[in-house]
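Working notes for the structure below.
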Amino acid sequence: MTGFVDLDRPQETVYRPILRARRGELDALGHLDAGWIPSVTPILVVQSTAKGPVQDAYDFFRSAGDRLPHGLRIGVDLADLPEPDGGLSYPARDLAEYLAGWGIPMLPVLRVTDSARRLTAYGDAARMHDRRAILRLRPDEAPGPATATRACDRVWRRTGLLPERCDLVIDLGSLTYRGDLPDAEHTVRRVLGWAIGERWRSVTVAAGAMPPTLSHLPRNVATRLPRWEAELWRRIRHLPVGFGDHGVTAPQPGPGDHPSRPLPTMRYTTPDAWWIYRWARHGGGRPDDRFYDLCGRLTSSPHWAGAALSWGDREIARRARRTPGPGTPTSWIAWATSHHLAHVLSELTRTGPEPDDDPPGSGPPRPDRDLRRSPARPAGRAAPPAGR
């Protein structure tokens with residue numbers, strides 16, 4: 001099954017994480033080592049607030065423009081935003097124009113359930129950025145090959161885009177238990193059986209295994225949570241698909257995802273698990289000592305990767321030395337996400353022999369074969385158009 005990817009044409013991306021477009025995740029991307037920029041295309045999900053869809057999109061633009069590095073290609077998912085009231089404008093067009101001025105290539109994220117109006121706006125946005133887009137498909141949205149083909153044909157008609165210019169992301173959502181893996185693997189193979197008939201630019205499988213809340217986990221000890229999405233990848237990596245996940249958060253946030261007084265918490269990624277640290281100790285009596293204590297325990301653990309791996313690891317190491325401050329819940333997500341991105345990219349692009357039980361040619365794409373050069377850095381950042 002090699003119909004999804006043209007092996008003679010380099011692919012610049014080996015990793016497509018689906019991340020919430022919050023300050024913590026944007027800070028992590030902003031501190032991504034420059035060498036990784038061609039290798040990752042994050043899909044940023046813009047959250048809906050009471051401000052309304054136009055203001056939500058503009059707030060995201062301002063945050064992204066301040067934090068994201070030049071040349072980092074991003075997918076922008078606006079599915080959570082309601083339709084704007086009246087008028088002909090749609091936030092996707094404005095975002096595409098803003099981000100182009102800031103030197104940030106944007107791929108609108110399409111859904112087969114999008115309205116005709118959304119799809120038209122997404123097509124306009126894609127034409128401002130190399131006529132490319134991402135189709136994020138949940139298998140239950142198009143059950144069966146005939147339904148999926150009809151749904152995609154509607155997308156191409158409304159957007160004016162071509163499937164060979166689009167990346168397909170099969171989003172499996174949450175994998176909660178080991179018992180979910182056989183069904184997930186079967187679903188991947190079933191969807192790929194349909195997708196091979198299309199001319200996708202690439203195909204990625206994404207899933208997540210982080211619980212929606214961590215409040216049930218014990219305090220003052222490191223708790224191991226299996227990364228079932230990583231186990232699924234080990235089962236399917238011989239197929240012509242790329243890897244995606246939901247970072248260090250759950251695919252769907254739970255009611256306890258933003259407690260009013262969160263305990264100092266770190267979600268630390270390893271090859272097959274996360275180590276969750278929730279700390280309630282006060283050490284010498286100061287509240288800051290809780291996070292310093294947490295970082296000291298993490299940096300002395302067997303799963304500590306070292307400060308050189310990422311910006312997030314360097315910040316954790318500094319707190320283990322009790323400087324310069326414990327940070328905030330936003331900081332903790334930023335540092336955990338930074339470590340996670342660097343860890344996953346290192347795993348996907350590492351060299352060396354594959355396990356003997358893998359089929360020939362299996363494994364993640366190699367950087368020297370599958371990565372393009374990042375887009376040229378513009379001379380400067382343009383201001384957003386007036387009156388937006």
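Chains: A, B, ... in order of the structure tokens. Residues: from 1 per chain. Ligands: from 1, in order shown.
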Report task. Once DSSP has gone over the backbone, tell me which residues of stretch 7-248 of chain A are in strand (DSSP E), as a PyMOL selection string. Result -> chain A and resi 18-20+43-45+74-77+106-110+133-137+166-174+202-208+222-226+242-245
Query raised in the report: So which residues of stretch 265-363 of chain A fall under alpha helix (DSSP H) by DSSP, listed as a VMD selection string?
Result: chain A and resid 288 to 299 311 to 320 329 to 349
Would you save the residues of that selection, restricted to C-alpha atoms, as a tab-separated table (two decimals), in the first residue's frame?
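selection_20.tsv written:
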chain	number	residue	atom	x	y	z
A	288	ASP	CA	6.94	27.81	45.51
A	289	ASP	CA	8.81	24.90	47.08
A	290	ARG	CA	6.17	22.48	45.81
A	291	PHE	CA	7.18	22.92	42.18
A	292	TYR	CA	10.89	23.09	42.99
A	293	ASP	CA	10.53	19.79	44.84
A	294	LEU	CA	8.64	18.31	41.89
A	295	CYS	CA	11.37	19.34	39.43
A	296	GLY	CA	14.09	18.02	41.71
A	297	ARG	CA	12.40	14.62	41.80
A	298	LEU	CA	11.90	14.61	38.02
A	299	THR	CA	15.48	15.55	37.15
A	311	TRP	CA	13.59	24.44	26.01
A	312	GLY	CA	11.04	22.85	28.34
A	313	ASP	CA	13.65	20.51	29.80
A	314	ARG	CA	16.00	23.43	30.36
A	315	GLU	CA	13.27	25.31	32.23
A	316	ILE	CA	12.52	22.26	34.39
A	317	ALA	CA	16.23	21.89	35.19
A	318	ARG	CA	16.40	25.54	36.25
A	319	ARG	CA	13.49	25.04	38.67
A	320	ALA	CA	15.21	22.00	40.10
A	329	PRO	CA	-0.23	26.21	34.99
A	330	THR	CA	0.33	27.79	31.56
A	331	SER	CA	4.09	27.48	32.04
A	332	TRP	CA	3.80	23.84	33.12
A	333	ILE	CA	1.84	22.98	29.96
A	334	ALA	CA	4.35	24.92	27.86
A	335	TRP	CA	7.35	23.07	29.30
A	336	ALA	CA	5.65	19.68	29.11
A	337	THR	CA	4.59	20.33	25.50
A	338	SER	CA	8.08	21.51	24.56
A	339	HIS	CA	9.59	18.31	25.94
A	340	HIS	CA	6.89	16.20	24.27
A	341	LEU	CA	7.45	17.73	20.82
A	342	ALA	CA	11.22	17.28	21.01
A	343	HIS	CA	10.90	13.74	22.34
A	344	VAL	CA	8.47	12.63	19.63
A	345	LEU	CA	10.46	14.26	16.83
A	346	SER	CA	13.64	12.61	18.11
A	347	GLU	CA	11.89	9.23	18.17
A	348	LEU	CA	10.42	9.62	14.68
A	349	THR	CA	13.63	10.75	13.01
Requested in this report: For atom CA of A:Trp279 and atom CA of A:Gly325, determine how far apart the two atoms are, in Å to one decimal place.
Outcome: 15.7 Å
Requested in this report: Just the residues within 6 Å of stretch 35-49 of chain A, please, counting only C-alpha atoms, with nothing from its chain fewer than 2 positions along; format it as a PyMOL selection string.
Outcome: chain A and resi 12-21+33+51+72-78+80-81+374
Once you have the residues from the selection above, write them out as an mmCIF file, in the first residue's frame, restricted to N, CA, C and O atoms.
data_model
loop_
_atom_site.group_PDB
_atom_site.id
_atom_site.type_symbol
_atom_site.label_atom_id
_atom_site.label_comp_id
_atom_site.auth_asym_id
_atom_site.auth_seq_id
_atom_site.Cartn_x
_atom_site.Cartn_y
_atom_site.Cartn_z
ATOM 1 N N GLU A 12 7.984 17.141 3.795
ATOM 2 C CA GLU A 12 8.688 17.929 4.797
ATOM 3 C C GLU A 12 8.236 17.637 6.214
ATOM 4 O O GLU A 12 8.883 18.044 7.158
ATOM 5 N N THR A 13 7.126 16.944 6.395
ATOM 6 C CA THR A 13 6.570 16.747 7.730
ATOM 7 C C THR A 13 6.610 15.278 8.120
ATOM 8 O O THR A 13 6.240 14.415 7.336
ATOM 9 N N VAL A 14 7.059 15.009 9.338
ATOM 10 C CA VAL A 14 6.971 13.650 9.871
ATOM 11 C C VAL A 14 6.042 13.587 11.082
ATOM 12 O O VAL A 14 5.752 12.508 11.576
ATOM 13 N N TYR A 15 5.549 14.738 11.553
ATOM 14 C CA TYR A 15 4.768 14.766 12.793
ATOM 15 C C TYR A 15 3.720 15.859 12.699
ATOM 16 O O TYR A 15 4.035 17.012 12.383
ATOM 17 N N ARG A 16 2.452 15.478 12.998
ATOM 18 C CA ARG A 16 1.347 16.433 13.001
ATOM 19 C C ARG A 16 0.593 16.340 14.324
ATOM 20 O O ARG A 16 -0.392 15.636 14.434
ATOM 21 N N PRO A 17 1.046 17.051 15.356
ATOM 22 C CA PRO A 17 0.320 17.059 16.624
ATOM 23 C C PRO A 17 -0.905 17.965 16.541
ATOM 24 O O PRO A 17 -0.884 19.010 15.886
ATOM 25 N N ILE A 18 -1.982 17.556 17.197
ATOM 26 C CA ILE A 18 -3.193 18.366 17.296
ATOM 27 C C ILE A 18 -3.169 19.040 18.661
ATOM 28 O O ILE A 18 -3.276 18.368 19.700
ATOM 29 N N LEU A 19 -3.004 20.357 18.683
ATOM 30 C CA LEU A 19 -2.795 21.092 19.925
ATOM 31 C C LEU A 19 -3.851 22.184 20.075
ATOM 32 O O LEU A 19 -4.305 22.767 19.085
ATOM 33 N N ARG A 20 -4.217 22.474 21.311
ATOM 34 C CA ARG A 20 -5.087 23.612 21.554
ATOM 35 C C ARG A 20 -4.294 24.899 21.366
ATOM 36 O O ARG A 20 -3.124 24.984 21.760
ATOM 37 N N ALA A 21 -4.932 25.869 20.756
ATOM 38 C CA ALA A 21 -4.237 27.124 20.433
ATOM 39 C C ALA A 21 -4.222 28.047 21.653
ATOM 40 O O ALA A 21 -4.752 29.160 21.634
ATOM 41 N N ASP A 33 13.327 24.093 18.533
ATOM 42 C CA ASP A 33 14.639 24.229 17.913
ATOM 43 C C ASP A 33 14.474 24.391 16.404
ATOM 44 O O ASP A 33 13.661 23.697 15.770
ATOM 45 N N LYS A 51 -16.470 35.911 23.402
ATOM 46 C CA LYS A 51 -16.176 37.097 22.601
ATOM 47 C C LYS A 51 -16.762 37.013 21.199
ATOM 48 O O LYS A 51 -16.948 38.041 20.549
ATOM 49 N N LEU A 72 7.316 28.211 10.248
ATOM 50 C CA LEU A 72 6.617 27.052 10.795
ATOM 51 C C LEU A 72 5.244 26.968 10.142
ATOM 52 O O LEU A 72 4.402 27.842 10.317
ATOM 53 N N ARG A 73 5.011 25.917 9.393
ATOM 54 C CA ARG A 73 3.725 25.728 8.729
ATOM 55 C C ARG A 73 2.731 25.183 9.750
ATOM 56 O O ARG A 73 3.018 24.204 10.440
ATOM 57 N N ILE A 74 1.570 25.811 9.852
ATOM 58 C CA ILE A 74 0.582 25.393 10.849
ATOM 59 C C ILE A 74 -0.748 25.072 10.177
ATOM 60 O O ILE A 74 -1.144 25.704 9.190
ATOM 61 N N GLY A 75 -1.450 24.085 10.709
ATOM 62 C CA GLY A 75 -2.849 23.887 10.387
ATOM 63 C C GLY A 75 -3.690 24.663 11.385
ATOM 64 O O GLY A 75 -3.364 24.702 12.573
ATOM 65 N N VAL A 76 -4.747 25.313 10.907
ATOM 66 C CA VAL A 76 -5.619 26.098 11.781
ATOM 67 C C VAL A 76 -7.021 25.502 11.707
ATOM 68 O O VAL A 76 -7.643 25.492 10.639
ATOM 69 N N ASP A 77 -7.489 24.999 12.853
ATOM 70 C CA ASP A 77 -8.787 24.334 12.944
ATOM 71 C C ASP A 77 -9.760 25.276 13.651
ATOM 72 O O ASP A 77 -9.614 25.555 14.841
ATOM 73 N N LEU A 78 -10.753 25.750 12.909
ATOM 74 C CA LEU A 78 -11.745 26.687 13.445
ATOM 75 C C LEU A 78 -13.086 26.021 13.675
ATOM 76 O O LEU A 78 -14.108 26.702 13.845
ATOM 77 N N ASP A 80 -14.456 24.641 16.151
ATOM 78 C CA ASP A 80 -15.140 24.928 17.410
ATOM 79 C C ASP A 80 -15.823 26.294 17.415
ATOM 80 O O ASP A 80 -16.632 26.575 18.305
ATOM 81 N N LEU A 81 -15.491 27.145 16.458
ATOM 82 C CA LEU A 81 -16.081 28.478 16.416
ATOM 83 C C LEU A 81 -17.440 28.425 15.721
ATOM 84 O O LEU A 81 -17.579 27.793 14.669
ATOM 85 N N SER A 374 12.872 24.376 4.924
ATOM 86 C CA SER A 374 11.808 25.257 5.396
ATOM 87 C C SER A 374 11.705 26.474 4.500
ATOM 88 O O SER A 374 12.661 26.851 3.822
#
Query raised in the report: What lies within 9 Å of A:Leu232 using only C-alpha atoms, ignoring chain neighbours under 2 positions off, as JSON, numbers by chain?
Result: {"A": [181, 182, 184, 185, 207, 227, 228, 229, 230, 234, 235, 236, 237]}
Would you save the residues from that selection as a tab-separated table (two decimals), in the first residue's frame, using all heavy atoms?
chain	number	residue	atom	x	y	z
A	181	LEU	N	-6.95	-0.94	21.31
A	181	LEU	CA	-5.97	-0.97	20.22
A	181	LEU	C	-6.39	-1.86	19.04
A	181	LEU	O	-6.24	-1.44	17.88
A	181	LEU	CB	-4.61	-1.40	20.75
A	181	LEU	CG	-3.95	-0.41	21.71
A	181	LEU	CD1	-2.66	-0.99	22.27
A	181	LEU	CD2	-3.67	0.91	21.01
A	182	PRO	N	-6.93	-3.07	19.26
A	182	PRO	CA	-7.32	-3.88	18.08
A	182	PRO	C	-8.37	-3.18	17.21
A	182	PRO	O	-8.25	-3.16	15.98
A	182	PRO	CB	-7.87	-5.17	18.70
A	182	PRO	CG	-7.18	-5.27	20.02
A	182	PRO	CD	-7.06	-3.86	20.51
A	184	ALA	N	-8.88	0.04	17.02
A	184	ALA	CA	-8.25	1.20	16.40
A	184	ALA	C	-7.41	0.79	15.19
A	184	ALA	O	-7.45	1.43	14.13
A	184	ALA	CB	-7.37	1.92	17.42
A	185	GLU	N	-6.66	-0.28	15.33
A	185	GLU	CA	-5.85	-0.76	14.21
A	185	GLU	C	-6.74	-1.19	13.04
A	185	GLU	O	-6.45	-0.90	11.87
A	185	GLU	CB	-4.96	-1.92	14.65
A	185	GLU	CG	-4.02	-2.41	13.57
A	185	GLU	CD	-3.09	-3.50	14.04
A	185	GLU	OE1	-3.13	-3.84	15.24
A	185	GLU	OE2	-2.32	-4.02	13.21
A	207	ALA	N	-4.09	10.07	17.41
A	207	ALA	CA	-4.91	9.61	18.54
A	207	ALA	C	-4.31	10.18	19.81
A	207	ALA	O	-3.20	10.72	19.80
A	207	ALA	CB	-4.97	8.09	18.60
A	227	ARG	N	1.04	5.35	27.09
A	227	ARG	CA	0.76	6.11	25.86
A	227	ARG	C	0.25	5.13	24.81
A	227	ARG	O	1.01	4.60	24.00
A	227	ARG	CB	2.02	6.82	25.37
A	227	ARG	CG	2.47	8.00	26.21
A	227	ARG	CD	3.71	8.64	25.61
A	227	ARG	NE	3.44	9.10	24.24
A	227	ARG	CZ	4.36	9.14	23.28
A	227	ARG	NH1	5.60	8.74	23.51
A	227	ARG	NH2	4.03	9.57	22.07
A	228	TRP	N	-1.05	4.91	24.79
A	228	TRP	CA	-1.60	3.92	23.87
A	228	TRP	C	-1.47	4.38	22.42
A	228	TRP	O	-1.42	3.54	21.50
A	228	TRP	CB	-3.06	3.64	24.21
A	228	TRP	CG	-3.27	3.08	25.58
A	228	TRP	CD1	-4.04	3.59	26.58
A	228	TRP	CD2	-2.67	1.89	26.12
A	228	TRP	NE1	-3.97	2.81	27.70
A	228	TRP	CE2	-3.13	1.75	27.45
A	228	TRP	CE3	-1.78	0.93	25.62
A	228	TRP	CZ2	-2.75	0.71	28.28
A	228	TRP	CZ3	-1.38	-0.11	26.45
A	228	TRP	CH2	-1.87	-0.22	27.75
A	229	GLU	N	-1.43	5.70	22.17
A	229	GLU	CA	-1.24	6.15	20.79
A	229	GLU	C	0.14	5.78	20.27
A	229	GLU	O	0.32	5.51	19.07
A	229	GLU	CB	-1.49	7.66	20.67
A	229	GLU	CG	-0.34	8.57	21.00
A	229	GLU	CD	0.02	8.62	22.48
A	229	GLU	OE1	-0.73	8.09	23.32
A	229	GLU	OE2	1.07	9.21	22.80
A	230	ALA	N	1.14	5.73	21.17
A	230	ALA	CA	2.48	5.30	20.76
A	230	ALA	C	2.50	3.81	20.46
A	230	ALA	O	3.16	3.35	19.53
A	230	ALA	CB	3.50	5.65	21.84
A	234	ARG	N	3.38	1.84	16.86
A	234	ARG	CA	4.31	0.72	16.67
A	234	ARG	C	3.66	-0.41	15.88
A	234	ARG	O	4.35	-1.15	15.17
A	234	ARG	CB	4.80	0.22	18.03
A	234	ARG	CG	5.88	1.10	18.64
A	234	ARG	CD	6.46	0.50	19.90
A	234	ARG	NE	5.62	0.73	21.06
A	234	ARG	CZ	5.68	1.81	21.83
A	234	ARG	NH1	6.53	2.78	21.54
A	234	ARG	NH2	4.89	1.95	22.87
A	235	ARG	N	2.34	-0.54	15.97
A	235	ARG	CA	1.64	-1.60	15.24
A	235	ARG	C	1.40	-1.26	13.78
A	235	ARG	O	1.22	-2.17	12.96
A	235	ARG	CB	0.28	-1.88	15.91
A	235	ARG	CG	0.39	-2.40	17.34
A	235	ARG	CD	-0.98	-2.78	17.87
A	235	ARG	NE	-0.94	-3.25	19.25
A	235	ARG	CZ	-1.89	-3.98	19.81
A	235	ARG	NH1	-2.98	-4.29	19.13
A	235	ARG	NH2	-1.78	-4.38	21.07
A	236	ILE	N	1.37	0.05	13.45
A	236	ILE	CA	1.00	0.43	12.07
A	236	ILE	C	2.11	1.17	11.34
A	236	ILE	O	1.91	1.58	10.20
A	236	ILE	CB	-0.27	1.30	12.07
A	236	ILE	CG1	0.00	2.65	12.77
A	236	ILE	CG2	-1.44	0.57	12.72
A	236	ILE	CD1	-1.13	3.65	12.62
A	237	ARG	N	3.26	1.32	11.95
A	237	ARG	CA	4.27	2.20	11.34
A	237	ARG	C	4.85	1.65	10.05
A	237	ARG	O	5.53	2.37	9.33
A	237	ARG	CB	5.40	2.48	12.33
A	237	ARG	CG	6.22	1.28	12.73
A	237	ARG	CD	7.32	1.70	13.67
A	237	ARG	NE	8.20	0.59	13.98
A	237	ARG	CZ	9.36	0.73	14.59
A	237	ARG	NH1	9.77	1.94	14.95
A	237	ARG	NH2	10.11	-0.31	14.84
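Here atom CA of A:Glu198 stands at a distance of 13.5 Å from atom CA of A:Val169.
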Would you list the contacts of stretch 137-145 of chain A as a JSON list (two decimals) with N, CA, C and O atoms, in the first residue's frame, taking every protein, DNA or RNA residue within 7 Å and counting only C-alpha atoms, but skipping same-chain residues closer than 3 positions in sequence?
[["chain", "number", "residue", "atom", "x", "y", "z"],
["A", 111, "ARG", "N", -13.28, 19.89, 7.47],
["A", 111, "ARG", "CA", -14.06, 18.76, 7.98],
["A", 111, "ARG", "C", -15.13, 18.41, 6.94],
["A", 111, "ARG", "O", -15.68, 19.31, 6.29],
["A", 148, "ALA", "N", -17.67, 8.23, 2.38],
["A", 148, "ALA", "CA", -16.47, 9.05, 2.48],
["A", 148, "ALA", "C", -16.14, 9.72, 1.14],
["A", 148, "ALA", "O", -15.78, 10.90, 1.10],
["A", 149, "THR", "N", -16.28, 8.99, 0.05],
["A", 149, "THR", "CA", -15.99, 9.56, -1.27],
["A", 149, "THR", "C", -16.96, 10.69, -1.60],
["A", 149, "THR", "O", -16.55, 11.75, -2.08],
["A", 169, "VAL", "N", -5.71, 13.69, 7.73],
["A", 169, "VAL", "CA", -5.42, 13.31, 9.11],
["A", 169, "VAL", "C", -6.61, 12.50, 9.62],
["A", 169, "VAL", "O", -7.72, 13.02, 9.75],
["A", 170, "ILE", "N", -6.37, 11.22, 9.89],
["A", 170, "ILE", "CA", -7.39, 10.33, 10.44],
["A", 170, "ILE", "C", -7.30, 10.45, 11.96],
["A", 170, "ILE", "O", -6.35, 9.98, 12.57],
["A", 171, "ASP", "N", -8.28, 11.12, 12.55],
["A", 171, "ASP", "CA", -8.26, 11.39, 13.99],
["A", 171, "ASP", "C", -9.12, 10.35, 14.70],
["A", 171, "ASP", "O", -10.35, 10.36, 14.60],
["A", 172, "LEU", "N", -8.46, 9.46, 15.44],
["A", 172, "LEU", "CA", -9.16, 8.39, 16.16],
["A", 172, "LEU", "C", -9.67, 8.84, 17.52],
["A", 172, "LEU", "O", -10.36, 8.07, 18.19],
["A", 194, "TRP", "N", -9.87, 2.67, 1.88],
["A", 194, "TRP", "CA", -10.58, 3.65, 1.05],
["A", 194, "TRP", "C", -9.64, 4.73, 0.54],
["A", 194, "TRP", "O", -9.67, 5.09, -0.64]]
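Take atom CA of A:Asp245 and atom CA of A:Ala206: the distance between them is 4.6 Å.
Each of A:Gly52, A:Pro212, A:Gly65, A:Pro163 was compared to A:Pro82 using only C-alpha atoms, and A:Gly52 turns out to be the nearest.
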